[in-house]
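**Student:** Submitted below is the structure of interest, expressed as structure tokens.
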Amino acid sequence: MTGQAAERDRSPHSLSVKTTLEEDMDKAESIRSRAPSLCDDTSSELQRVAALDPHERNSRNSLQRTGAVSRLVCLVVRLREWAHRSLLEQEERPDSFLERFRGPELRMAPSRISNTQPDANGSEAKGVFRKKWDLFVVSPADDAYYRWLSVIAIAVLYNWFLVVARACFEKLQVSNYICWLVLDYLSDCVYIIDTCVRLRTGFLEQGLLVKDHAKLRDSYVRTLQFKLDVLSILPTDLAYISTGIHTPQLRFNRLLRFPRMFEFFDRTETRTNYPNIFRIGNLVLYILVIIHWNACIYYAISSSLGFGSDTWVFPNISKPEYSSLTRSYVYCLYWSTLTLTTIGEMPAPVRDEEYLFVVFDFLVGVLIFATIVGNVGSMIANMNATRAEFQARIDAIKHYMHFRKVNKELETRVIKWFDYLWTNKKAVDEKEVLKNLPNKLRAEIAINVHLETLKKVRIFQDCEAGLLVELVLKLRPQVFSPGDYICRKGDIGKEMYIIKEGKLAVVADDGLTQYALLTAGSCFGEISILNIKGSKMGNRRTANIRSLGYSDLFCLSKDDLMEAVTEYPNAKTVLEKRGREILMKEGLLDEHTETGGLQKEDTEEKVERLESSLDTLQTRFARLLSDYKHTQQRLKQRITLLERQQKQTDGGADASDAVASDTETSSGPVACADGFPPQSDQQMEDKGSPAKLKGV
């Protein structure tokens, strides 16, 4: 009613003020709807202030003040929008050079869930949380998963060290049992959360992350890890009710979560930049765990046999020097270290149980010693592998120069060149290191490593992404010493160069007069390998270029360039155009000549190509001829072997016939069954001879 009375008392002027206020409010609301940002909470509060009911103002002054507040709110909203736009523009963006090479990045579509506003009861917030939990899947490749592994590894190490120590050293358990209870149940909470994380940990199937919760659950339940995880979280400490809280032996099942700790170590070894140092530290940790457990077992055996009962067990704790917890643990750790490292010099065992324990310790100690020697030796060899390989190359070249009696000056230059490579960490063969990567990743790594240099090269700035990949993969790094000539005027050009680091001088024929200075990002030598139409120099170098100091250059051969630009005619046109501009400036271009060009070959190149093809054919023919001779020789040997076997077979048959005839002769004349007298051997031979039968 009050609002209606106030409405009747308003004048036309007040109505116009209300109309202006509503328009300002509509503008502010439209600005807010168009520009959502991180400051939406502040904006909504400002809009709430601007949307105060004007019907509660009864006077013209109050309406004017409300209009001023609304205009102020609109100004604040516009300022907020401008500031937000400026912040977005100032965010770090990917380099345009890399962005053009990589292409558009895959971006996730904005979720509508994040823009919904909860109602007064918070039901929508609960629904959003439930949806997020239903979609929650952990990727093993994420950094968050690795950080969680570090947390669970700390919990496992706590149980591995302190639970065993508390079970053997009673003073350690009794003196701080409240602290141990808190830490125990904290580790149990970490174990339970880790089991939930494992249920939501995805895996790759056909290269994609599986997010189906049923598949993830089934895959995890079938593994041995699930059984160990269930055993490790069994509430065995409920037996404290009957045994008391000073029996940490009931928590030994917590040690079964060790695969997660090993997984953390494996991932850390993969991620770290110092894998050899990490491997040594990891080996030392394992050895310390074994020594620690052995010390605890020694103290427990001494306690069961009686402290000070013989010379082998731990001394009597009633003595002041052995009564403290620190002295007890240090003594046991010292004994365990001497025993497992097989150093000895400890009291000999007395009882049978002591003998068996010492024998077992010696066997474990031998295994540890062999493991330490083998692992440390291989780690040191791996750490020095690069240096050893590089030193072997230097020694081979030194031996060759000494054998060929190279002069001392040149030998010194070669040694200094090798020293520069090793000092500046340029002795690594990049192709050998990156050979196992696909071409896309190799090209991306090369561009990232040499980004600052490649961005300065004009031919790379204008070329397509595919051509950029082709050219970057064909670049070969080269290092030149001070005073070396990279190219001389008149030489046949077969390579172009890009300066990565160092300074080069364009000098006269005397080698002293400098015409120009080339720095990082400059490229030269492309004129001679492009073979521009109308070039008076043809494919020969047009200048002398000399290195002032040590220079790092990228080399691109003519064959590689021609192979790369074959599929990119636009890039070929750009390169030829730039080369023509340079030749025109130097007056070395004859525009009326139509010969040359990147697609044509001169006579020398054709002859070289034919010679190369002829050499290849000769090599193949020689191989075929060698194979033919080898096959022919094998056939001859086979035929000879068969002939020998045939002769041996015939000889054996003749010998058996001769033995039979001798037997018949020795038996004398025997009458035949038909009454005819027996025939002689000659008559039998004549009858059996094919030639004689044929004559008859």
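FYI, nothing fancy with the structure tokens labels: chains A, B, ... in order, residues from 1 per chain, ligands from 1 as they appear.
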When you look at region 333-344 of chain A with a cut-off of 7 Å (counting only C-alpha atoms), what residues show up, excluding the ones that are within fewer than 4 positions of it in the same chain? I need them as a CSV table (one decimal) with all heavy atoms, in the first residue's frame.

**Tutor:**
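And here is the file that came out, around_38.csv:
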chain,number,residue,atom,x,y,z
A,291,ILE,N,69.1,-53.1,6.7
A,291,ILE,CA,69.9,-53.0,7.9
A,291,ILE,C,69.0,-52.6,9.1
A,291,ILE,O,69.2,-53.1,10.2
A,291,ILE,CB,71.0,-51.9,7.7
A,291,ILE,CG1,72.0,-52.4,6.7
A,291,ILE,CG2,71.7,-51.6,9.0
A,291,ILE,CD1,73.1,-51.4,6.3
A,292,HIS,N,68.0,-51.7,9.0
A,292,HIS,CA,67.1,-51.3,10.0
A,292,HIS,C,66.3,-52.5,10.5
A,292,HIS,O,66.2,-52.8,11.7
A,292,HIS,CB,66.2,-50.2,9.6
A,292,HIS,CG,65.1,-49.9,10.5
A,292,HIS,ND1,65.2,-49.2,11.7
A,292,HIS,CD2,63.8,-50.2,10.4
A,292,HIS,CE1,64.1,-49.1,12.3
A,292,HIS,NE2,63.1,-49.7,11.5
A,294,ASN,N,67.0,-55.7,10.2
A,294,ASN,CA,67.9,-56.7,10.8
A,294,ASN,C,68.3,-56.2,12.2
A,294,ASN,O,68.4,-57.1,13.2
A,294,ASN,CB,69.2,-56.8,10.0
A,294,ASN,CG,70.0,-58.0,10.4
A,294,ASN,OD1,69.6,-59.2,10.4
A,294,ASN,ND2,71.3,-57.7,10.8
A,295,ALA,N,68.5,-54.9,12.4
A,295,ALA,CA,68.8,-54.4,13.8
A,295,ALA,C,67.7,-54.7,14.7
A,295,ALA,O,67.9,-55.1,15.9
A,295,ALA,CB,69.2,-53.0,13.7
A,329,TYR,N,69.3,-48.6,20.1
A,329,TYR,CA,69.1,-48.7,18.7
A,329,TYR,C,70.4,-48.5,17.9
A,329,TYR,O,70.7,-49.2,16.9
A,329,TYR,CB,68.1,-47.6,18.3
A,329,TYR,CG,67.9,-47.6,16.8
A,329,TYR,CD1,67.1,-48.6,16.2
A,329,TYR,CD2,68.4,-46.6,16.0
A,329,TYR,CE1,66.9,-48.6,14.8
A,329,TYR,CE2,68.2,-46.6,14.6
A,329,TYR,CZ,67.4,-47.6,14.0
A,329,TYR,OH,67.3,-47.6,12.7
A,361,ASP,N,72.2,-64.0,8.1
A,361,ASP,CA,72.7,-62.6,7.9
A,361,ASP,C,73.8,-62.6,7.0
A,361,ASP,O,73.9,-61.6,6.1
A,361,ASP,CB,73.1,-62.0,9.3
A,361,ASP,CG,71.9,-61.3,9.9
A,361,ASP,OD1,70.8,-61.4,9.4
A,361,ASP,OD2,72.1,-60.6,11.0
A,362,PHE,N,74.7,-63.5,7.1
A,362,PHE,CA,75.9,-63.5,6.2
A,362,PHE,C,75.4,-63.7,4.7
A,362,PHE,O,76.0,-63.1,3.8
A,362,PHE,CB,76.9,-64.6,6.6
A,362,PHE,CG,77.7,-64.2,7.8
A,362,PHE,CD1,78.3,-65.2,8.6
A,362,PHE,CD2,78.0,-62.9,8.0
A,362,PHE,CE1,79.1,-64.8,9.7
A,362,PHE,CE2,78.8,-62.5,9.1
A,362,PHE,CZ,79.3,-63.5,9.9
A,364,VAL,N,72.5,-62.9,3.4
A,364,VAL,CA,71.9,-61.7,3.0
A,364,VAL,C,73.0,-60.6,2.8
A,364,VAL,O,72.9,-59.8,1.8
A,364,VAL,CB,70.9,-61.2,4.0
A,364,VAL,CG1,70.3,-59.8,3.6
A,364,VAL,CG2,69.7,-62.2,4.1
A,365,GLY,N,74.0,-60.6,3.6
A,365,GLY,CA,75.1,-59.6,3.4
A,365,GLY,C,75.8,-59.8,2.1
A,365,GLY,O,76.2,-58.9,1.5
A,369,PHE,N,76.1,-57.1,-0.7
A,369,PHE,CA,77.4,-56.6,-1.2
A,369,PHE,C,77.5,-56.8,-2.8
A,369,PHE,O,78.0,-55.9,-3.5
A,369,PHE,CB,78.6,-57.5,-0.6
A,369,PHE,CG,79.9,-57.0,-1.0
A,369,PHE,CD1,80.5,-55.9,-0.5
A,369,PHE,CD2,80.7,-57.8,-1.9
A,369,PHE,CE1,81.8,-55.5,-0.8
A,369,PHE,CE2,81.9,-57.4,-2.3
A,369,PHE,CZ,82.5,-56.2,-1.8

**Student:** Would you pick out the contacts of region 604-619 of chain A at 12 Å or less, using only C-alpha atoms, so that residues sharing its chain but fewer than 2 positions from it are not included, and give the list as a list in words?

**Tutor:**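 Near neighbours after the sequence-gap exclusion: Ile492, Gly493, Lys494, Ile529, Asn531, Gly538, Asn539, Lys558, Asp559, Lys600, Glu601, Asp602, Phe621, Ala622, Arg623, Leu624, Leu625 and Ser626 of chain A.
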
**Student:** Keeping only N, CA, C and O atoms, write those residues as a PDB file, in the first residue's frame.

**Tutor:**
ATOM      1  N   ILE A 492      81.950 -24.518 -55.843  1.00  0.00           N
ATOM      2  CA  ILE A 492      80.624 -25.035 -56.181  1.00  0.00           C
ATOM      3  C   ILE A 492      79.819 -25.171 -54.897  1.00  0.00           C
ATOM      4  O   ILE A 492      80.247 -25.803 -53.933  1.00  0.00           O
ATOM      5  N   GLY A 493      78.641 -24.575 -54.902  1.00  0.00           N
ATOM      6  CA  GLY A 493      77.812 -24.586 -53.705  1.00  0.00           C
ATOM      7  C   GLY A 493      76.892 -25.787 -53.647  1.00  0.00           C
ATOM      8  O   GLY A 493      76.083 -26.001 -54.546  1.00  0.00           O
ATOM      9  N   LYS A 494      77.039 -26.555 -52.615  1.00  0.00           N
ATOM     10  CA  LYS A 494      76.184 -27.718 -52.407  1.00  0.00           C
ATOM     11  C   LYS A 494      75.428 -27.646 -51.088  1.00  0.00           C
ATOM     12  O   LYS A 494      74.650 -28.541 -50.775  1.00  0.00           O
ATOM     13  N   ILE A 529      72.994 -22.807 -54.293  1.00  0.00           N
ATOM     14  CA  ILE A 529      72.269 -24.078 -54.382  1.00  0.00           C
ATOM     15  C   ILE A 529      70.917 -23.909 -55.052  1.00  0.00           C
ATOM     16  O   ILE A 529      70.338 -24.882 -55.531  1.00  0.00           O
ATOM     17  N   ASN A 531      70.522 -22.058 -57.798  1.00  0.00           N
ATOM     18  CA  ASN A 531      70.802 -22.007 -59.237  1.00  0.00           C
ATOM     19  C   ASN A 531      69.766 -21.138 -59.942  1.00  0.00           C
ATOM     20  O   ASN A 531      69.022 -21.576 -60.819  1.00  0.00           O
ATOM     21  N   GLY A 538      76.152 -18.893 -61.706  1.00  0.00           N
ATOM     22  CA  GLY A 538      75.689 -20.276 -61.790  1.00  0.00           C
ATOM     23  C   GLY A 538      75.486 -20.861 -60.405  1.00  0.00           C
ATOM     24  O   GLY A 538      74.788 -20.291 -59.571  1.00  0.00           O
ATOM     25  N   ASN A 539      76.088 -21.991 -60.156  1.00  0.00           N
ATOM     26  CA  ASN A 539      75.975 -22.644 -58.850  1.00  0.00           C
ATOM     27  C   ASN A 539      77.249 -22.486 -58.027  1.00  0.00           C
ATOM     28  O   ASN A 539      77.567 -23.325 -57.201  1.00  0.00           O
ATOM     29  N   LYS A 558      71.948 -29.242 -50.668  1.00  0.00           N
ATOM     30  CA  LYS A 558      71.121 -28.954 -51.843  1.00  0.00           C
ATOM     31  C   LYS A 558      70.130 -30.078 -52.102  1.00  0.00           C
ATOM     32  O   LYS A 558      68.962 -29.829 -52.427  1.00  0.00           O
ATOM     33  N   ASP A 559      70.580 -31.320 -51.974  1.00  0.00           N
ATOM     34  CA  ASP A 559      69.695 -32.458 -52.209  1.00  0.00           C
ATOM     35  C   ASP A 559      68.525 -32.458 -51.231  1.00  0.00           C
ATOM     36  O   ASP A 559      67.380 -32.716 -51.608  1.00  0.00           O
ATOM     37  N   LYS A 600      66.022 -27.439 -62.438  1.00  0.00           N
ATOM     38  CA  LYS A 600      66.882 -27.936 -63.489  1.00  0.00           C
ATOM     39  C   LYS A 600      68.250 -28.286 -62.939  1.00  0.00           C
ATOM     40  O   LYS A 600      68.658 -27.788 -61.899  1.00  0.00           O
ATOM     41  N   GLU A 601      68.970 -29.079 -63.700  1.00  0.00           N
ATOM     42  CA  GLU A 601      70.303 -29.490 -63.308  1.00  0.00           C
ATOM     43  C   GLU A 601      71.286 -29.062 -64.380  1.00  0.00           C
ATOM     44  O   GLU A 601      70.980 -29.111 -65.579  1.00  0.00           O
ATOM     45  N   ASP A 602      72.469 -28.685 -63.977  1.00  0.00           N
ATOM     46  CA  ASP A 602      73.489 -28.352 -64.959  1.00  0.00           C
ATOM     47  C   ASP A 602      74.222 -29.628 -65.375  1.00  0.00           C
ATOM     48  O   ASP A 602      73.955 -30.731 -64.893  1.00  0.00           O
ATOM     49  N   PHE A 621      75.893 -55.393 -60.004  1.00  0.00           N
ATOM     50  CA  PHE A 621      76.343 -56.436 -60.916  1.00  0.00           C
ATOM     51  C   PHE A 621      77.428 -57.293 -60.270  1.00  0.00           C
ATOM     52  O   PHE A 621      77.459 -58.522 -60.433  1.00  0.00           O
ATOM     53  N   ALA A 622      78.347 -56.646 -59.549  1.00  0.00           N
ATOM     54  CA  ALA A 622      79.400 -57.396 -58.862  1.00  0.00           C
ATOM     55  C   ALA A 622      78.800 -58.352 -57.832  1.00  0.00           C
ATOM     56  O   ALA A 622      79.255 -59.495 -57.677  1.00  0.00           O
ATOM     57  N   ARG A 623      77.770 -57.898 -57.135  1.00  0.00           N
ATOM     58  CA  ARG A 623      77.125 -58.778 -56.163  1.00  0.00           C
ATOM     59  C   ARG A 623      76.463 -59.964 -56.854  1.00  0.00           C
ATOM     60  O   ARG A 623      76.565 -61.106 -56.388  1.00  0.00           O
ATOM     61  N   LEU A 624      75.751 -59.695 -57.974  1.00  0.00           N
ATOM     62  CA  LEU A 624      75.121 -60.787 -58.707  1.00  0.00           C
ATOM     63  C   LEU A 624      76.146 -61.785 -59.237  1.00  0.00           C
ATOM     64  O   LEU A 624      75.945 -63.004 -59.178  1.00  0.00           O
ATOM     65  N   LEU A 625      77.280 -61.265 -59.765  1.00  0.00           N
ATOM     66  CA  LEU A 625      78.326 -62.140 -60.276  1.00  0.00           C
ATOM     67  C   LEU A 625      78.927 -62.995 -59.168  1.00  0.00           C
ATOM     68  O   LEU A 625      79.192 -64.189 -59.347  1.00  0.00           O
ATOM     69  N   SER A 626      79.127 -62.383 -58.025  1.00  0.00           N
ATOM     70  CA  SER A 626      79.659 -63.136 -56.889  1.00  0.00           C
ATOM     71  C   SER A 626      78.689 -64.225 -56.446  1.00  0.00           C
ATOM     72  O   SER A 626      79.093 -65.360 -56.166  1.00  0.00           O
TER      73      SER A 626
END

**Student:** To test your reading of the structure, identify every residue in region 179-227 of chain A that backbone DSSP assigns to helix (DSSP H, G or I), and report it as a count of residues only.

**Tutor:** 34

**Student:** Could you pull the residues within 9 Å of region 188-191 of chain A, counting only C-alpha atoms, minus those fewer than 2 positions along the same chain, as a compact mmCIF listing (two decimals) with C-alpha atoms, in the first residue's frame?

**Tutor:**
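Contents of the output file around.txt:
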# COMPACT_ATOMS: atom_id res chain seq x y z
CA VAL A 151 51.83 -38.95 -0.30
CA ILE A 152 51.11 -42.68 -0.26
CA ALA A 155 52.75 -43.36 4.47
CA VAL A 156 54.27 -46.68 3.35
CA LEU A 183 50.06 -41.16 12.82
CA ASP A 184 48.76 -44.72 12.46
CA TYR A 185 45.20 -43.64 11.77
CA LEU A 186 46.35 -40.86 9.48
CA ILE A 193 41.64 -42.78 0.08
CA ASP A 194 44.24 -44.47 -2.08
CA THR A 195 41.93 -47.44 -2.58
CA CYS A 196 39.20 -45.06 -3.76
CA ASP A 229 45.31 -53.30 -0.80
CA SER A 232 46.61 -53.75 4.05
CA ILE A 233 43.45 -51.96 5.26
CA ARG A 254 50.11 -52.22 6.54
CA ARG A 257 51.05 -51.49 0.32

**Student:** Would you compute the distance between CA of Tyr400 (chain A) and CA of Asn382 (chain A)? Give it in Å to one decimal.

**Tutor:**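 Between CA of Tyr400 (chain A) and CA of Asn382 (chain A) the gap works out to 27.5 Å.
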
**Student:** Skipping near chain neighbours, those fewer than 4 positions away, what residues fall within 8 Å of region 507-516 of chain A using only C-alpha atoms, listed as number ranges by chain?

**Tutor:** A: 543-546

**Student:** What would the file look like if the residues just selected were written as an mmCIF file, in the first residue's frame with N, CA and C atoms?

**Tutor:**
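Full text of part.cif as output:
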data_model
loop_
_atom_site.group_PDB
_atom_site.id
_atom_site.type_symbol
_atom_site.label_atom_id
_atom_site.label_comp_id
_atom_site.auth_asym_id
_atom_site.auth_seq_id
_atom_site.Cartn_x
_atom_site.Cartn_y
_atom_site.Cartn_z
ATOM 1 N N ALA A 543 80.919 -15.174 -52.591
ATOM 2 C CA ALA A 543 81.672 -14.410 -51.593
ATOM 3 C C ALA A 543 82.501 -15.363 -50.752
ATOM 4 N N ASN A 544 83.489 -14.770 -50.059
ATOM 5 C CA ASN A 544 84.310 -15.496 -49.087
ATOM 6 C C ASN A 544 83.756 -15.230 -47.692
ATOM 7 N N ILE A 545 83.462 -16.267 -46.963
ATOM 8 C CA ILE A 545 82.909 -16.127 -45.610
ATOM 9 C C ILE A 545 83.806 -16.889 -44.657
ATOM 10 N N ARG A 546 84.217 -16.163 -43.613
ATOM 11 C CA ARG A 546 85.199 -16.701 -42.671
ATOM 12 C C ARG A 546 84.682 -16.560 -41.247
#

**Student:** Distance CA of Pro482 (chain A)-CA of Ala505 (chain A), one decimal place?

**Tutor:**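 So the two atoms, CA of Pro482 (chain A) and CA of Ala505 (chain A), lie 11.2 Å apart.
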
**Student:** Have a look at A:Phe390, A:Gly579, A:Asn439, A:Met401 and name the one nearest to Ala427 (chain A); count only C-alpha atoms.

**Tutor:**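 The closest residue to Ala427 (chain A) is A:Phe390.
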
**Student:** Could you tell me which of A:Thr223, A:Arg217, A:Thr371, A:Pro259 comes closest to Tyr286 (chain A) if we count only C-alpha atoms?

**Tutor:**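 Residue with the minimum atom-to-atom distance to Tyr286 (chain A): A:Thr371.
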